[in-house]
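Novice: One file: model.txt (compact mmCIF, N, CA and C atoms).
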```txt
# COMPACT_ATOMS: atom_id res chain seq x y z
N MET A 153 8.41 47.35 1.35
CA MET A 153 9.68 48.03 1.38
C MET A 153 10.73 47.02 1.83
N GLU A 154 11.83 47.01 1.15
CA GLU A 154 12.92 46.09 1.48
C GLU A 154 14.19 46.91 1.74
N TRP A 155 14.88 46.59 2.83
CA TRP A 155 16.17 47.20 3.14
C TRP A 155 17.23 46.15 2.95
N LYS A 156 18.25 46.46 2.15
CA LYS A 156 19.32 45.51 1.86
C LYS A 156 20.67 46.16 2.11
N LEU A 157 21.61 45.38 2.62
CA LEU A 157 22.94 45.90 2.89
C LEU A 157 23.72 46.19 1.62
N SER A 158 23.57 45.34 0.62
CA SER A 158 24.31 45.51 -0.63
C SER A 158 23.49 44.91 -1.76
N TRP A 159 23.89 45.20 -2.99
CA TRP A 159 23.16 44.69 -4.16
C TRP A 159 23.53 43.25 -4.44
N ARG A 160 22.54 42.45 -4.77
CA ARG A 160 22.74 41.08 -5.25
C ARG A 160 21.83 40.89 -6.45
N ASP A 161 22.28 40.13 -7.42
CA ASP A 161 21.48 39.93 -8.63
C ASP A 161 20.15 39.24 -8.36
N GLU A 162 20.05 38.52 -7.26
CA GLU A 162 18.77 37.87 -6.95
C GLU A 162 17.67 38.90 -6.67
N TYR A 163 18.03 40.15 -6.46
CA TYR A 163 17.03 41.20 -6.21
C TYR A 163 16.26 41.57 -7.48
N PHE A 164 16.73 41.12 -8.63
CA PHE A 164 15.96 41.31 -9.86
C PHE A 164 14.60 40.61 -9.74
N GLU A 165 14.55 39.52 -9.00
CA GLU A 165 13.27 38.84 -8.75
C GLU A 165 12.33 39.75 -7.98
N TYR A 166 12.84 40.49 -7.01
CA TYR A 166 12.02 41.44 -6.25
C TYR A 166 11.49 42.52 -7.17
N ILE A 167 12.36 43.04 -8.03
CA ILE A 167 11.95 44.10 -8.96
C ILE A 167 10.83 43.61 -9.85
N SER A 168 10.96 42.39 -10.34
CA SER A 168 9.92 41.80 -11.19
C SER A 168 8.61 41.65 -10.42
N ALA A 169 8.70 41.17 -9.19
CA ALA A 169 7.50 41.00 -8.38
C ALA A 169 6.84 42.34 -8.09
N PHE A 170 7.63 43.35 -7.78
CA PHE A 170 7.08 44.68 -7.51
C PHE A 170 6.42 45.25 -8.76
N ALA A 171 7.01 45.01 -9.92
CA ALA A 171 6.46 45.53 -11.16
C ALA A 171 5.13 44.86 -11.51
N ASN A 172 4.96 43.62 -11.09
CA ASN A 172 3.72 42.89 -11.38
C ASN A 172 2.68 43.04 -10.28
N ALA A 173 2.98 43.80 -9.25
CA ALA A 173 2.04 44.03 -8.16
C ALA A 173 1.76 45.54 -8.09
N ASP A 174 1.52 46.02 -6.93
CA ASP A 174 1.23 47.44 -6.74
C ASP A 174 2.50 48.28 -6.61
N GLY A 175 3.65 47.64 -6.72
CA GLY A 175 4.92 48.35 -6.60
C GLY A 175 5.42 48.34 -5.17
N ASP A 176 6.63 48.77 -5.00
CA ASP A 176 7.27 48.87 -3.69
C ASP A 176 8.64 49.48 -3.90
N LYS A 177 9.47 49.45 -2.88
CA LYS A 177 10.80 50.05 -2.95
C LYS A 177 11.83 49.09 -2.38
N ILE A 178 13.03 49.14 -2.95
CA ILE A 178 14.18 48.43 -2.42
C ILE A 178 15.22 49.49 -2.09
N TYR A 179 15.64 49.54 -0.87
CA TYR A 179 16.68 50.47 -0.45
C TYR A 179 17.97 49.68 -0.24
N ILE A 180 19.02 50.06 -0.96
CA ILE A 180 20.31 49.40 -0.86
C ILE A 180 21.21 50.25 0.03
N GLY A 181 21.92 49.60 0.95
CA GLY A 181 22.83 50.31 1.84
C GLY A 181 22.18 50.68 3.16
N ILE A 182 21.13 49.97 3.54
CA ILE A 182 20.44 50.21 4.81
C ILE A 182 20.31 48.87 5.54
N ASN A 183 20.64 48.87 6.81
CA ASN A 183 20.57 47.61 7.56
C ASN A 183 19.14 47.34 8.05
N ASP A 184 18.94 46.23 8.75
CA ASP A 184 17.61 45.82 9.19
C ASP A 184 16.99 46.76 10.23
N LYS A 185 17.82 47.58 10.84
CA LYS A 185 17.32 48.55 11.81
C LYS A 185 16.91 49.87 11.14
N GLY A 186 17.14 49.97 9.82
CA GLY A 186 16.82 51.19 9.10
C GLY A 186 17.92 52.22 9.12
N GLU A 187 19.10 51.82 9.56
CA GLU A 187 20.24 52.72 9.63
C GLU A 187 20.98 52.72 8.29
N ILE A 188 21.31 53.90 7.82
CA ILE A 188 22.05 54.02 6.55
C ILE A 188 23.50 53.65 6.81
N ILE A 189 23.98 52.65 6.07
CA ILE A 189 25.38 52.24 6.19
C ILE A 189 26.15 52.55 4.91
N GLY A 190 25.43 52.81 3.82
CA GLY A 190 26.05 53.15 2.56
C GLY A 190 26.62 51.94 1.84
N ILE A 191 27.03 52.17 0.60
CA ILE A 191 27.68 51.13 -0.19
C ILE A 191 28.88 51.75 -0.90
N SER A 192 29.92 50.97 -1.05
CA SER A 192 31.16 51.51 -1.60
C SER A 192 31.16 51.58 -3.12
N ASP A 193 30.39 50.72 -3.79
CA ASP A 193 30.42 50.67 -5.25
C ASP A 193 29.15 51.23 -5.88
N TYR A 194 28.61 52.29 -5.30
CA TYR A 194 27.34 52.83 -5.77
C TYR A 194 27.40 53.33 -7.21
N GLU A 195 28.55 53.88 -7.63
CA GLU A 195 28.66 54.38 -9.00
C GLU A 195 28.51 53.25 -10.01
N LYS A 196 29.12 52.12 -9.74
CA LYS A 196 29.02 50.95 -10.61
C LYS A 196 27.57 50.46 -10.68
N ILE A 197 26.90 50.42 -9.55
CA ILE A 197 25.51 49.97 -9.51
C ILE A 197 24.62 50.93 -10.30
N LEU A 198 24.83 52.24 -10.13
CA LEU A 198 24.01 53.22 -10.83
C LEU A 198 24.16 53.13 -12.35
N VAL A 199 25.32 52.74 -12.83
CA VAL A 199 25.55 52.60 -14.26
C VAL A 199 25.01 51.27 -14.77
N ASN A 200 25.30 50.19 -14.06
CA ASN A 200 24.95 48.86 -14.56
C ASN A 200 23.51 48.44 -14.34
N LEU A 201 22.90 48.84 -13.27
CA LEU A 201 21.55 48.38 -12.93
C LEU A 201 20.52 48.75 -13.99
N PRO A 202 20.43 49.99 -14.43
CA PRO A 202 19.41 50.32 -15.45
C PRO A 202 19.60 49.54 -16.76
N ASN A 203 20.83 49.21 -17.09
CA ASN A 203 21.10 48.48 -18.32
C ASN A 203 20.71 47.00 -18.22
N ARG A 204 20.51 46.51 -17.01
CA ARG A 204 20.16 45.10 -16.83
C ARG A 204 18.68 44.88 -16.58
N ILE A 205 17.94 45.96 -16.39
CA ILE A 205 16.49 45.86 -16.19
C ILE A 205 15.80 46.14 -17.52
N TYR A 206 15.04 45.19 -17.99
CA TYR A 206 14.29 45.39 -19.22
C TYR A 206 13.01 44.66 -19.18
```
Let me see the file written as structure tokens.

Specialist:
Amino acid sequence: MEWKLSWRDEYFEYISAFANADGDKIYIGINDKGEIIGISDYEKILVNLPNRIY
């Protein structure tokens, strides 16, 4: 499980690694303490992210 403050394109490498292993989760908008901080551009990410994963 990975907690990330915001989305970065380098996380596509994590997605690829998770897909080639037993899987896992990436949570965006959560700090290292597990606290939800949210993200301001979530709508953009929700639209663009699925189109960039293939």

Novice: Just list as a list of chain:residue names whatever in chain A DSSP marks as alpha helix (DSSP H).

Specialist: A:Tyr163, A:Phe164, A:Glu165, A:Tyr166, A:Ile167, A:Ser168, A:Ala169, A:Phe170, A:Ala171, A:Tyr194, A:Glu195, A:Lys196, A:Ile197, A:Leu198, A:Val199, A:Asn200, A:Leu201, A:Pro202, A:Asn203, A:Arg204

Novice: Please compute the atom N of Leu157 in chain A-CA of Ile182 in chain A distance, one decimal, in Å.

Specialist: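 If I compute the distance from atom N of Leu157 in chain A to CA of Ile182 in chain A, I get 5.4 Å.
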
Novice: Which centre and edge lengths in Å to one decimal define the box along x, y and z that fits every listed atom of range 158-172 of chain A plus 6 Å per side, as AutoDock Vina command-line options?

Specialist:
```
--center_x 13.5 --center_y 41.7 --center_z -5.4 --size_x 33.6 --size_y 19.7 --size_z 24.1
```

Novice: Under the rule that all atoms listed in the file are counted, which of A:Asp161, A:Lys156, A:Pro202, A:Ser168 is the nearest residue to Asp184 in chain A?

Specialist: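 Among A:Asp161, A:Lys156, A:Pro202, A:Ser168, it is A:Lys156 that comes nearest to Asp184 in chain A.
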
Novice: Rounded to one decimal place, report the atom N of Met153 in chain A-atom N of Glu165 in chain A distance in Å.

Specialist: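 The value is 14.4 Å.
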
Novice: Which of these residues is nearest to Asp176 in chain A, using only C-alpha atoms: A:Ile191, A:Trp155, A:Arg160, A:Ile197?

Specialist: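 Using only C-alpha atoms, the shortest distance to Asp176 in chain A belongs to A:Trp155.
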
Novice: Would you mind reading off the distance between atom N of Ser192 in chain A and CA of Asp174 in chain A, one decimal, in Å?

Specialist: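 Between atom N of Ser192 in chain A and CA of Asp174 in chain A the gap works out to 29.5 Å.
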
Novice: Among range 159-196 of chain A, which residues does DSSP mark as strand (DSSP E or B) when it is run on the backbone? Keep the chain and numbering as in the structure and answer as JSON, numbers by chain.

Specialist: {"A": [178, 179, 180, 182, 188]}

Novice: How would range 176-197 of chain A look with N, CA, C and O atoms restored, written as a PDB file, in the coordinates of the input?

Specialist:
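For reference, rebuild15.pdb as written:
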```
ATOM      1  N   ASP A 176       6.630  48.770  -5.000  1.00  0.00           N
ATOM      2  CA  ASP A 176       7.270  48.870  -3.690  1.00  0.00           C
ATOM      3  C   ASP A 176       8.640  49.480  -3.900  1.00  0.00           C
ATOM      4  O   ASP A 176       8.950  49.957  -4.983  1.00  0.00           O
ATOM      5  N   LYS A 177       9.470  49.450  -2.880  1.00  0.00           N
ATOM      6  CA  LYS A 177      10.800  50.050  -2.950  1.00  0.00           C
ATOM      7  C   LYS A 177      11.830  49.090  -2.380  1.00  0.00           C
ATOM      8  O   LYS A 177      11.550  48.350  -1.437  1.00  0.00           O
ATOM      9  N   ILE A 178      13.030  49.140  -2.950  1.00  0.00           N
ATOM     10  CA  ILE A 178      14.180  48.430  -2.420  1.00  0.00           C
ATOM     11  C   ILE A 178      15.220  49.490  -2.090  1.00  0.00           C
ATOM     12  O   ILE A 178      15.601  50.279  -2.968  1.00  0.00           O
ATOM     13  N   TYR A 179      15.640  49.540  -0.870  1.00  0.00           N
ATOM     14  CA  TYR A 179      16.680  50.470  -0.450  1.00  0.00           C
ATOM     15  C   TYR A 179      17.970  49.680  -0.240  1.00  0.00           C
ATOM     16  O   TYR A 179      18.017  48.760   0.571  1.00  0.00           O
ATOM     17  N   ILE A 180      19.020  50.060  -0.960  1.00  0.00           N
ATOM     18  CA  ILE A 180      20.310  49.400  -0.860  1.00  0.00           C
ATOM     19  C   ILE A 180      21.210  50.250   0.030  1.00  0.00           C
ATOM     20  O   ILE A 180      21.278  51.460  -0.131  1.00  0.00           O
ATOM     21  N   GLY A 181      21.920  49.600   0.950  1.00  0.00           N
ATOM     22  CA  GLY A 181      22.830  50.310   1.840  1.00  0.00           C
ATOM     23  C   GLY A 181      22.180  50.680   3.160  1.00  0.00           C
ATOM     24  O   GLY A 181      22.637  51.595   3.848  1.00  0.00           O
ATOM     25  N   ILE A 182      21.130  49.970   3.540  1.00  0.00           N
ATOM     26  CA  ILE A 182      20.440  50.210   4.810  1.00  0.00           C
ATOM     27  C   ILE A 182      20.310  48.870   5.540  1.00  0.00           C
ATOM     28  O   ILE A 182      19.919  47.868   4.944  1.00  0.00           O
ATOM     29  N   ASN A 183      20.640  48.870   6.810  1.00  0.00           N
ATOM     30  CA  ASN A 183      20.570  47.610   7.560  1.00  0.00           C
ATOM     31  C   ASN A 183      19.140  47.340   8.050  1.00  0.00           C
ATOM     32  O   ASN A 183      18.230  48.134   7.796  1.00  0.00           O
ATOM     33  N   ASP A 184      18.940  46.230   8.750  1.00  0.00           N
ATOM     34  CA  ASP A 184      17.610  45.820   9.190  1.00  0.00           C
ATOM     35  C   ASP A 184      16.990  46.760  10.230  1.00  0.00           C
ATOM     36  O   ASP A 184      15.785  46.719  10.459  1.00  0.00           O
ATOM     37  N   LYS A 185      17.820  47.580  10.840  1.00  0.00           N
ATOM     38  CA  LYS A 185      17.320  48.550  11.810  1.00  0.00           C
ATOM     39  C   LYS A 185      16.910  49.870  11.140  1.00  0.00           C
ATOM     40  O   LYS A 185      16.458  50.780  11.808  1.00  0.00           O
ATOM     41  N   GLY A 186      17.140  49.970   9.820  1.00  0.00           N
ATOM     42  CA  GLY A 186      16.820  51.190   9.100  1.00  0.00           C
ATOM     43  C   GLY A 186      17.920  52.220   9.120  1.00  0.00           C
ATOM     44  O   GLY A 186      17.720  53.355   8.715  1.00  0.00           O
ATOM     45  N   GLU A 187      19.100  51.820   9.560  1.00  0.00           N
ATOM     46  CA  GLU A 187      20.240  52.720   9.630  1.00  0.00           C
ATOM     47  C   GLU A 187      20.980  52.720   8.290  1.00  0.00           C
ATOM     48  O   GLU A 187      21.252  51.666   7.726  1.00  0.00           O
ATOM     49  N   ILE A 188      21.310  53.900   7.820  1.00  0.00           N
ATOM     50  CA  ILE A 188      22.050  54.020   6.550  1.00  0.00           C
ATOM     51  C   ILE A 188      23.500  53.650   6.810  1.00  0.00           C
ATOM     52  O   ILE A 188      24.165  54.242   7.654  1.00  0.00           O
ATOM     53  N   ILE A 189      23.980  52.650   6.070  1.00  0.00           N
ATOM     54  CA  ILE A 189      25.380  52.240   6.190  1.00  0.00           C
ATOM     55  C   ILE A 189      26.150  52.550   4.910  1.00  0.00           C
ATOM     56  O   ILE A 189      27.361  52.560   4.903  1.00  0.00           O
ATOM     57  N   GLY A 190      25.430  52.810   3.820  1.00  0.00           N
ATOM     58  CA  GLY A 190      26.050  53.150   2.560  1.00  0.00           C
ATOM     59  C   GLY A 190      26.620  51.940   1.840  1.00  0.00           C
ATOM     60  O   GLY A 190      26.655  50.833   2.373  1.00  0.00           O
ATOM     61  N   ILE A 191      27.030  52.170   0.600  1.00  0.00           N
ATOM     62  CA  ILE A 191      27.680  51.130  -0.190  1.00  0.00           C
ATOM     63  C   ILE A 191      28.880  51.750  -0.900  1.00  0.00           C
ATOM     64  O   ILE A 191      28.854  52.912  -1.279  1.00  0.00           O
ATOM     65  N   SER A 192      29.920  50.970  -1.050  1.00  0.00           N
ATOM     66  CA  SER A 192      31.160  51.510  -1.600  1.00  0.00           C
ATOM     67  C   SER A 192      31.160  51.580  -3.120  1.00  0.00           C
ATOM     68  O   SER A 192      31.822  52.409  -3.693  1.00  0.00           O
ATOM     69  N   ASP A 193      30.390  50.720  -3.790  1.00  0.00           N
ATOM     70  CA  ASP A 193      30.420  50.670  -5.250  1.00  0.00           C
ATOM     71  C   ASP A 193      29.150  51.230  -5.880  1.00  0.00           C
ATOM     72  O   ASP A 193      28.685  50.744  -6.895  1.00  0.00           O
ATOM     73  N   TYR A 194      28.610  52.290  -5.300  1.00  0.00           N
ATOM     74  CA  TYR A 194      27.340  52.830  -5.770  1.00  0.00           C
ATOM     75  C   TYR A 194      27.400  53.330  -7.210  1.00  0.00           C
ATOM     76  O   TYR A 194      26.433  53.208  -7.951  1.00  0.00           O
ATOM     77  N   GLU A 195      28.550  53.880  -7.630  1.00  0.00           N
ATOM     78  CA  GLU A 195      28.660  54.380  -9.000  1.00  0.00           C
ATOM     79  C   GLU A 195      28.510  53.250 -10.010  1.00  0.00           C
ATOM     80  O   GLU A 195      27.826  53.386 -11.020  1.00  0.00           O
ATOM     81  N   LYS A 196      29.120  52.120  -9.740  1.00  0.00           N
ATOM     82  CA  LYS A 196      29.020  50.950 -10.610  1.00  0.00           C
ATOM     83  C   LYS A 196      27.570  50.460 -10.680  1.00  0.00           C
ATOM     84  O   LYS A 196      27.056  50.155 -11.755  1.00  0.00           O
ATOM     85  N   ILE A 197      26.900  50.420  -9.550  1.00  0.00           N
ATOM     86  CA  ILE A 197      25.510  49.970  -9.510  1.00  0.00           C
ATOM     87  C   ILE A 197      24.620  50.930 -10.300  1.00  0.00           C
ATOM     88  O   ILE A 197      23.764  50.505 -11.064  1.00  0.00           O
TER      89      ILE A 197
END
```
